[in-house]
>>> print(open('input-v8.cif').read())   # mmCIF, C-alpha atoms
data_my_file
loop_
_atom_site.label_atom_id
_atom_site.label_comp_id
_atom_site.auth_asym_id
_atom_site.auth_seq_id
_atom_site.Cartn_x
_atom_site.Cartn_y
_atom_site.Cartn_z
CA MET A 242 40.91 127.07 40.62
CA SER A 243 37.85 129.01 39.75
CA ALA A 244 37.50 132.48 41.21
CA ARG A 245 33.75 132.42 40.81
CA LYS A 246 31.75 132.66 43.94
CA PRO A 247 28.32 131.26 43.22
CA TYR A 248 25.38 132.74 45.08
CA VAL A 249 24.18 130.52 47.89
CA ARG A 250 20.87 131.50 49.36
CA PRO A 251 21.49 132.26 53.04
CA MET A 252 19.64 129.95 55.42
CA ASP A 253 20.12 131.94 58.62
CA GLY A 254 16.82 132.39 60.43
CA TRP A 255 14.87 130.61 57.66
CA TRP A 256 12.24 129.52 60.14
CA ARG A 257 11.38 133.10 61.04
CA ARG A 258 10.22 133.88 57.49
CA ASN A 259 7.01 131.87 57.52
CA PRO A 260 4.46 131.23 60.31
CA PHE A 261 4.31 127.56 59.37
CA PHE A 262 8.07 127.15 59.88
CA LEU A 263 7.86 129.16 63.10
CA ARG A 264 5.19 126.83 64.51
CA TYR A 265 7.31 123.87 63.46
CA MET A 266 10.32 125.23 65.34
CA VAL A 267 8.24 126.00 68.45
CA ARG A 268 7.01 122.40 68.39
CA GLU A 269 10.54 121.04 67.98
CA SER A 270 11.81 123.31 70.78
CA SER A 271 9.37 121.64 73.16
CA ALA A 272 11.84 118.73 73.16
CA VAL A 273 14.58 120.94 74.65
CA LEU A 274 12.30 122.16 77.44
CA LEU A 275 11.01 118.64 78.08
CA ALA A 276 14.60 117.36 78.34
CA ILE A 277 15.52 120.10 80.84
CA TYR A 278 12.40 119.27 82.84
CA ALA A 279 13.31 115.56 82.88
CA VAL A 280 16.80 116.48 84.13
CA ILE A 281 15.22 118.61 86.89
CA LEU A 282 13.13 115.57 87.92
CA LEU A 283 16.22 113.33 87.77
CA THR A 284 18.05 115.81 90.01
CA GLY A 285 15.10 115.58 92.39
CA VAL A 286 15.42 111.78 92.53
CA PHE A 287 19.16 112.16 93.17
CA ARG A 288 18.55 114.67 96.00
CA LEU A 289 15.83 112.41 97.39
CA SER A 290 18.38 109.58 97.63
CA GLN A 291 20.69 111.87 99.64
CA GLY A 292 18.18 112.58 102.40
CA GLU A 293 15.77 115.17 103.72
CA ALA A 294 18.12 118.21 103.81
CA ALA A 295 19.31 117.65 100.24
CA TYR A 296 15.73 117.24 99.02
CA ALA A 297 14.69 120.44 100.83
CA ALA A 298 17.46 122.34 99.00
CA TRP A 299 16.18 121.00 95.65
CA PHE A 300 12.64 122.04 96.56
CA ALA A 301 13.86 125.51 97.63
CA ALA A 302 15.49 125.93 94.20
CA LEU A 303 12.10 125.18 92.60
CA THR A 304 10.56 128.13 94.43
CA CYS A 305 12.93 130.76 93.00
CA PRO A 306 11.33 133.12 90.43
CA PHE A 307 13.61 131.98 87.61
CA SER A 308 12.51 128.38 88.12
CA ILE A 309 8.84 129.36 88.15
CA LEU A 310 9.34 131.35 84.93
CA PHE A 311 11.10 128.41 83.26
CA HIS A 312 8.27 126.07 84.21
CA TRP A 313 5.65 128.46 82.81
CA VAL A 314 7.51 128.56 79.48
CA ALA A 315 7.95 124.77 79.56
CA LEU A 316 4.24 124.31 80.38
CA LEU A 317 3.09 126.40 77.41
CA THR A 318 5.53 124.75 75.00
CA VAL A 319 4.73 121.21 76.15
CA CYS A 320 1.00 122.01 75.92
CA TYR A 321 1.67 122.96 72.29
CA HIS A 322 3.50 119.67 71.83
CA ALA A 323 0.50 117.80 73.27
CA TYR A 324 -1.86 119.72 70.96
CA THR A 325 0.21 118.93 67.84
CA TRP A 326 0.88 115.33 68.90
CA TRP A 327 -2.82 114.44 68.94
CA LYS A 328 -3.48 116.61 65.89
CA VAL A 329 -1.14 114.57 63.66
CA MET A 330 -1.89 111.21 65.33
CA PRO A 331 -4.72 110.29 62.87
CA LYS A 332 -2.29 110.77 59.96
CA THR A 333 0.23 108.34 61.47
CA MET A 334 -2.20 105.47 62.09
CA PRO A 335 -4.27 103.21 59.81
CA MET A 336 -7.78 104.31 58.99
CA LEU A 337 -10.21 103.31 61.70
CA VAL A 338 -13.55 101.99 60.50
CA ILE A 339 -16.31 101.23 62.97
CA GLY A 340 -19.69 99.97 61.78
CA GLY A 341 -18.83 100.70 58.14
CA ARG A 342 -18.09 104.35 58.87
CA ARG A 343 -14.64 105.90 58.86
CA ILE A 344 -13.79 107.67 62.11
CA SER A 345 -12.86 111.24 61.18
CA GLU A 346 -9.46 112.70 61.93
CA VAL A 347 -10.98 115.41 64.09
CA ALA A 348 -12.75 112.79 66.21
CA LEU A 349 -9.49 110.85 66.71
CA SER A 350 -7.61 114.01 67.67
CA GLY A 351 -10.46 114.89 69.98
CA ILE A 352 -10.05 111.57 71.81
CA GLY A 353 -6.38 112.44 72.35
CA TRP A 354 -7.08 115.93 73.64
CA ALA A 355 -9.79 114.55 75.93
CA ALA A 356 -7.35 111.91 77.21
CA THR A 357 -4.79 114.61 78.09
CA LEU A 358 -7.49 116.58 79.91
CA ALA A 359 -8.73 113.50 81.79
CA MET A 360 -5.19 112.48 82.81
CA SER A 361 -4.45 116.03 83.97
CA VAL A 362 -7.55 116.09 86.20
CA ALA A 363 -6.77 112.59 87.53
CA VAL A 364 -3.14 113.43 88.39
CA TYR A 365 -4.15 116.69 90.05
CA ALA A 366 -6.80 114.88 92.10
CA LEU A 367 -4.21 112.26 93.15
CA ALA A 368 -1.71 114.95 94.17
CA ARG A 369 -4.37 116.98 96.00
CA TRP A 370 -6.45 114.38 97.80
CA ALA A 371 -4.80 110.95 97.69
CA MET B 267 21.17 95.80 53.28
CA LYS B 268 22.15 96.76 56.79
CA ARG B 269 19.25 96.72 59.18
CA SER B 270 18.33 100.20 60.37
CA ASN B 271 18.20 100.87 64.11
CA GLU B 272 15.75 103.72 63.48
CA PRO B 273 12.62 101.71 64.50
CA VAL B 274 14.02 101.23 68.02
CA PHE B 275 14.63 104.94 68.53
CA TRP B 276 11.39 105.86 66.82
CA SER B 277 9.43 103.57 69.17
CA LEU B 278 11.01 105.21 72.19
CA PHE B 279 10.30 108.62 70.62
CA GLY B 280 6.70 107.64 70.01
CA ALA B 281 6.14 106.22 73.47
CA GLY B 282 7.73 109.31 75.04
CA GLY B 283 5.65 111.54 72.81
CA VAL B 284 2.40 109.92 73.94
CA LEU B 285 3.43 109.96 77.60
CA SER B 286 4.56 113.61 77.50
CA ALA B 287 1.38 114.60 75.66
CA LEU B 288 -0.69 112.91 78.38
CA LEU B 289 1.30 113.79 81.49
CA GLY B 290 3.83 116.50 80.55
CA PRO B 291 1.64 119.57 81.08
CA ILE B 292 0.13 118.50 84.42
CA LEU B 293 3.45 117.28 85.85
CA ILE B 294 5.20 120.55 84.95
CA PHE B 295 2.23 122.48 86.37
CA ILE B 296 2.32 120.55 89.67
CA THR B 297 6.04 120.14 90.38
CA GLY B 298 7.21 123.38 88.76
CA ILE B 299 4.45 125.89 89.48
CA ILE B 300 1.60 125.21 91.89
CA ALA B 301 3.41 123.08 94.48
CA PRO B 302 6.48 125.39 94.79
CA VAL B 303 4.17 128.44 94.97
CA GLY B 304 1.81 126.62 97.33
CA LEU B 305 -1.24 127.73 95.36
CA TRP B 306 -4.05 125.18 94.78
CA LEU B 307 -1.74 122.54 96.23
CA PRO B 308 0.11 122.49 99.55
CA GLN B 309 3.91 122.43 99.29
CA GLU B 310 3.82 119.15 101.25
CA ALA B 311 2.16 117.55 98.20
CA ILE B 312 5.65 117.07 96.78
CA GLY B 313 7.41 117.21 100.16
CA TYR B 314 10.09 114.79 101.33
CA PRO B 315 7.99 112.22 103.26
CA ARG B 316 5.48 111.82 100.45
CA MET B 317 8.02 111.68 97.62
CA LEU B 318 10.15 109.19 99.57
CA ALA B 319 7.11 106.96 100.11
CA ILE B 320 6.30 107.13 96.38
CA ALA B 321 9.92 106.42 95.35
CA GLN B 322 10.04 103.47 97.76
CA SER B 323 6.93 101.79 96.34
CA TRP B 324 7.13 99.55 93.27
CA CYS B 325 4.36 101.44 91.52
CA GLY B 326 6.07 104.79 92.21
CA LYS B 327 9.46 103.52 91.07
CA VAL B 328 8.07 102.32 87.75
CA THR B 329 6.22 105.60 87.20
CA ILE B 330 9.26 107.76 87.98
CA PHE B 331 11.51 105.59 85.83
CA VAL B 332 9.15 105.54 82.84
CA VAL B 333 8.43 109.28 83.00
CA ILE B 334 12.06 110.44 83.22
CA SER B 335 13.50 107.96 80.73
CA LEU B 336 10.78 108.16 78.08
CA PHE B 337 10.62 111.98 78.26
CA LEU B 338 14.37 111.99 77.56
CA TRP B 339 14.31 109.37 74.77
CA HIS B 340 11.54 111.37 73.12
CA ALA B 341 13.40 114.66 73.54
CA VAL B 342 16.84 113.55 72.31
CA HIS B 343 15.35 111.90 69.21
CA ARG B 344 13.53 115.10 68.30
CA ILE B 345 16.57 117.26 69.06
CA TYR B 346 18.78 114.98 66.98
CA HIS B 347 16.50 115.27 63.97
CA SER B 348 16.20 119.06 64.41
CA LEU B 349 19.95 119.62 64.23
CA HIS B 350 19.78 119.72 60.43
CA ASP B 351 17.24 122.57 60.64
CA LEU B 352 19.73 124.59 62.67
CA GLY B 353 22.47 124.04 60.11
CA ILE B 354 24.33 121.46 62.18
CA ARG B 355 25.45 118.29 60.39
CA ALA B 356 23.92 115.37 62.28
CA GLY B 357 26.39 112.50 62.10
CA ALA B 358 27.44 109.60 64.24
CA GLY B 359 28.99 111.96 66.82
CA ALA B 360 25.78 113.91 67.32
CA ALA B 361 23.81 110.66 67.54
CA ALA B 362 26.20 109.32 70.17
CA VAL B 363 25.85 112.50 72.26
CA CYS B 364 22.04 112.60 72.01
CA TYR B 365 21.19 108.94 72.52
CA GLY B 366 24.15 108.46 74.87
CA PHE B 367 22.75 111.17 77.12
CA ALA B 368 19.34 109.49 77.25
CA LEU B 369 20.97 106.12 77.97
CA VAL B 370 23.13 107.48 80.81
CA ALA B 371 20.14 109.31 82.34
CA THR B 372 18.01 106.15 82.08
CA LEU B 373 20.66 104.07 83.86
CA ALA B 374 21.17 106.82 86.47
CA THR B 375 17.42 106.93 87.21
CA ALA B 376 17.28 103.15 87.63
CA GLY B 377 20.38 103.18 89.86
CA LEU B 378 19.09 105.98 92.09
CA LEU B 379 15.71 104.28 92.49
CA LEU B 380 17.52 101.11 93.62
CA ILE B 381 19.66 103.14 96.06
CA ILE B 382 16.52 104.73 97.53
CA GLY B 383 15.40 101.19 98.32
CA PHE B 384 12.06 99.77 99.33
#
>>> encode(input="input-v8.cif", output="structure tokens")
Amino acid sequence: MSARKPYVRPMDGWWRRNPFFLRYMVRESSAVLLAIYAVILLTGVFRLSQGEAAYAAWFAALTCPFSILFHWVALLTVCYHAYTWWKVMPKTMPMLVIGGRRISEVALSGIGWAATLAMSVAVYALARWA
Amino acid sequence: MKRSNEPVFWSLFGAGGVLSALLGPILIFITGIIAPVGLWLPQEAIGYPRMLAIAQSWCGKVTIFVVISLFLWHAVHRIYHSLHDLGIRAGAGAAAVCYGFALVATLATAGLLLIIGF
């Protein structure tokens, strides 16, 4: 058996060393917050199936400060996910050529960001006035 | 060569990614912030009578089902592929936990929506 102990570069906290890696990890972490949010919604559906009192208890839990704080953090992180999702979309799809001209990546991303904005306004309007 | 099952999971990841990019921010903002606080939206906007009516309609059922399940399929796929970055070996066990969770939650959502009825 060899007694040598070769140097292995430590990998702890590697993503904190470079802003690019940090942004990558923030984007990946959006998945964790999105999963928790989906579970909160699923709990809401479960409480809805149990009746009015159960649903009211679920809604009351949403009003506690910790819940509001969580949703603010989730909102910011998922907004970042939406930003990056549309930003890389042009790189994941075939080139789009209309009228002999290639549609630029910025234009394609812009369509995505505009779609998110339009959907947000539409859903808010539905919730508010429908 | 064994056929990879990656395209199936990637499709669900992609569909969930698009849906969460379109609807994630506004849904979190409505159900998690402005409706509970009662600012810019009355609390009744996500109150029991209205949510029950939505969950009892076909259109509402499909929306709720697609949102919850695709958000989760997107999330577990991304989490599974991030395990390596956190120094965790991602093997068959980790895959079973991640995708199994999304599968159970998908079935649970469908079951609850059927229990809620029409």
>>> residues_around(input="input-v8.cif", residues="segment 351-367 of chain B", least_positions_apart="2", cutoff="12 Å", atoms="all atoms listed in the file", output="ChimeraX atom specification")
/A:251-256,262-263,265-266,269-270,272-273,276,279-280 /B:271-272,274-276,278-279,335-336,338-349,369-374
>>> closest_residue(input="input-v8.cif", among="A:Trp354, A:Phe261, A:Ala371, A:Tyr278", to="Trp313 of chain A", atoms="only C-alpha atoms")
A:Tyr278
>>> atom_distance(input="input-v8.cif", atom1="atom CA of Pro306 of chain A", atom2="atom CA of Ala301 of chain B")
13.4 Å
>>> resolve_selection(input="input-v8.cif", expression="the PyMOL selection byres ((chain B) within 7 of (chain A))", output="list in words")
Ala287, Leu288, Leu289, Gly290, Pro291, Ile292, Ile294, Phe295, Gly298, Ile299, Pro302, Val303, Leu307, Ala311, Tyr314, Leu318, Ile334, Phe337, Leu338, Ala341, Arg344, Ile345, Ser348, Thr375, Leu378, Ile381 and Ile382 of chain B
>>> atom_distance(input="input-v8.cif", atom1="atom CA of Arg343 of chain A", atom2="atom CA of Pro331 of chain A")
11.6 Å
>>> atom_distance(input="input-v8.cif", atom1="atom CA of Ile320 of chain B", atom2="atom CA of Leu305 of chain B")
22.0 Å
>>> axis_aligned_box(input="input-v8.cif", around="segment 267-285 of chain A", padding_each_side="6 Å", output="lines of an AutoDock Vina configuration file")
center_x = 12.5
center_y = 119.7
center_z = 80.2
size_x = 23.0
size_y = 24.7
size_z = 36.4
>>> closest_residue(input="input-v8.cif", among="A:Ala298, A:Ala244, A:Leu337, A:Val329", to="Ser350 of chain A", atoms="all atoms listed in the file")
A:Val329
>>> decode(input="input-v8.cif", residues="segment 308-351 of chain B", atoms="N, CA and C atoms", output="compact mmCIF listing (two decimals), in the first residue's frame")
# COMPACT_ATOMS: atom_id res chain seq x y z
N PRO B 308 -58.37 41.19 -3.96
CA PRO B 308 -59.05 40.79 -2.73
C PRO B 308 -58.71 39.36 -2.36
N GLN B 309 -58.72 39.05 -1.05
CA GLN B 309 -58.41 37.69 -0.62
C GLN B 309 -59.38 36.68 -1.24
N GLU B 310 -60.62 37.14 -1.52
CA GLU B 310 -61.62 36.23 -2.09
C GLU B 310 -61.22 35.75 -3.49
N ALA B 311 -60.24 36.45 -4.10
CA ALA B 311 -59.82 36.05 -5.46
C ALA B 311 -59.33 34.61 -5.47
N ILE B 312 -58.72 34.16 -4.37
CA ILE B 312 -58.37 32.73 -4.30
C ILE B 312 -59.10 32.09 -3.12
N GLY B 313 -60.30 32.60 -2.82
CA GLY B 313 -61.11 32.06 -1.73
C GLY B 313 -61.76 30.72 -2.10
N TYR B 314 -62.37 30.10 -1.11
CA TYR B 314 -62.92 28.74 -1.29
C TYR B 314 -63.94 28.64 -2.41
N PRO B 315 -64.99 29.48 -2.45
CA PRO B 315 -66.01 29.29 -3.49
C PRO B 315 -65.44 29.37 -4.90
N ARG B 316 -64.54 30.34 -5.10
CA ARG B 316 -63.99 30.53 -6.44
C ARG B 316 -63.05 29.38 -6.84
N MET B 317 -62.18 28.99 -5.90
CA MET B 317 -61.24 27.90 -6.21
C MET B 317 -61.98 26.59 -6.43
N LEU B 318 -63.06 26.37 -5.65
CA LEU B 318 -63.84 25.13 -5.82
C LEU B 318 -64.47 25.11 -7.21
N ALA B 319 -65.02 26.27 -7.61
CA ALA B 319 -65.67 26.36 -8.93
C ALA B 319 -64.63 26.08 -10.03
N ILE B 320 -63.42 26.62 -9.87
CA ILE B 320 -62.37 26.40 -10.87
C ILE B 320 -61.99 24.92 -10.90
N ALA B 321 -61.80 24.33 -9.69
CA ALA B 321 -61.35 22.92 -9.62
C ALA B 321 -62.44 21.97 -10.08
N GLN B 322 -63.69 22.44 -10.12
CA GLN B 322 -64.79 21.57 -10.56
C GLN B 322 -65.04 21.65 -12.06
N SER B 323 -64.44 22.67 -12.70
CA SER B 323 -64.63 22.80 -14.16
C SER B 323 -63.54 22.02 -14.88
N TRP B 324 -63.85 21.55 -16.07
CA TRP B 324 -62.89 20.77 -16.86
C TRP B 324 -61.65 21.60 -17.16
N CYS B 325 -61.89 22.84 -17.57
CA CYS B 325 -60.81 23.74 -17.95
C CYS B 325 -59.88 23.98 -16.75
N GLY B 326 -60.52 24.21 -15.58
CA GLY B 326 -59.74 24.45 -14.36
C GLY B 326 -58.94 23.22 -13.95
N LYS B 327 -59.59 22.06 -14.05
CA LYS B 327 -58.90 20.81 -13.68
C LYS B 327 -57.64 20.61 -14.52
N VAL B 328 -57.79 20.79 -15.83
CA VAL B 328 -56.64 20.59 -16.73
C VAL B 328 -55.53 21.58 -16.37
N THR B 329 -55.91 22.85 -16.14
CA THR B 329 -54.90 23.86 -15.82
C THR B 329 -54.16 23.50 -14.53
N ILE B 330 -54.91 23.17 -13.48
CA ILE B 330 -54.29 22.84 -12.19
C ILE B 330 -53.37 21.63 -12.35
N PHE B 331 -53.87 20.61 -13.06
CA PHE B 331 -53.09 19.39 -13.25
C PHE B 331 -51.79 19.67 -14.01
N VAL B 332 -51.91 20.41 -15.11
CA VAL B 332 -50.73 20.68 -15.94
C VAL B 332 -49.72 21.54 -15.18
N VAL B 333 -50.20 22.55 -14.47
CA VAL B 333 -49.29 23.44 -13.75
C VAL B 333 -48.53 22.66 -12.67
N ILE B 334 -49.23 21.96 -11.80
CA ILE B 334 -48.55 21.28 -10.69
C ILE B 334 -47.62 20.19 -11.21
N SER B 335 -48.11 19.36 -12.14
CA SER B 335 -47.28 18.23 -12.57
C SER B 335 -46.08 18.69 -13.41
N LEU B 336 -46.28 19.60 -14.34
CA LEU B 336 -45.14 20.00 -15.18
C LEU B 336 -44.12 20.82 -14.39
N PHE B 337 -44.57 21.66 -13.44
CA PHE B 337 -43.62 22.38 -12.59
C PHE B 337 -42.73 21.36 -11.88
N LEU B 338 -43.34 20.27 -11.39
CA LEU B 338 -42.57 19.27 -10.63
C LEU B 338 -41.65 18.45 -11.54
N TRP B 339 -42.13 18.03 -12.73
CA TRP B 339 -41.26 17.28 -13.63
C TRP B 339 -40.08 18.13 -14.06
N HIS B 340 -40.32 19.42 -14.28
CA HIS B 340 -39.22 20.33 -14.61
C HIS B 340 -38.23 20.40 -13.45
N ALA B 341 -38.77 20.62 -12.25
CA ALA B 341 -37.92 20.83 -11.07
C ALA B 341 -37.08 19.60 -10.74
N VAL B 342 -37.70 18.41 -10.72
CA VAL B 342 -36.92 17.23 -10.30
C VAL B 342 -35.83 16.90 -11.33
N HIS B 343 -36.10 17.16 -12.61
CA HIS B 343 -35.07 16.88 -13.62
C HIS B 343 -33.86 17.79 -13.40
N ARG B 344 -34.15 19.05 -13.12
CA ARG B 344 -33.05 20.01 -12.90
C ARG B 344 -32.31 19.68 -11.61
N ILE B 345 -33.06 19.34 -10.57
CA ILE B 345 -32.42 18.98 -9.29
C ILE B 345 -31.55 17.75 -9.47
N TYR B 346 -32.08 16.75 -10.18
CA TYR B 346 -31.33 15.51 -10.40
C TYR B 346 -29.99 15.79 -11.09
N HIS B 347 -30.03 16.65 -12.11
CA HIS B 347 -28.79 16.92 -12.83
C HIS B 347 -27.89 17.91 -12.09
N SER B 348 -28.37 18.55 -11.03
CA SER B 348 -27.53 19.44 -10.24
C SER B 348 -26.85 18.70 -9.10
N LEU B 349 -27.26 17.49 -8.82
CA LEU B 349 -26.69 16.75 -7.69
C LEU B 349 -25.17 16.63 -7.83
N HIS B 350 -24.73 16.38 -9.05
CA HIS B 350 -23.29 16.24 -9.31
C HIS B 350 -22.53 17.50 -8.88
N ASP B 351 -23.15 18.68 -9.14
CA ASP B 351 -22.50 19.95 -8.79
C ASP B 351 -22.35 20.11 -7.30
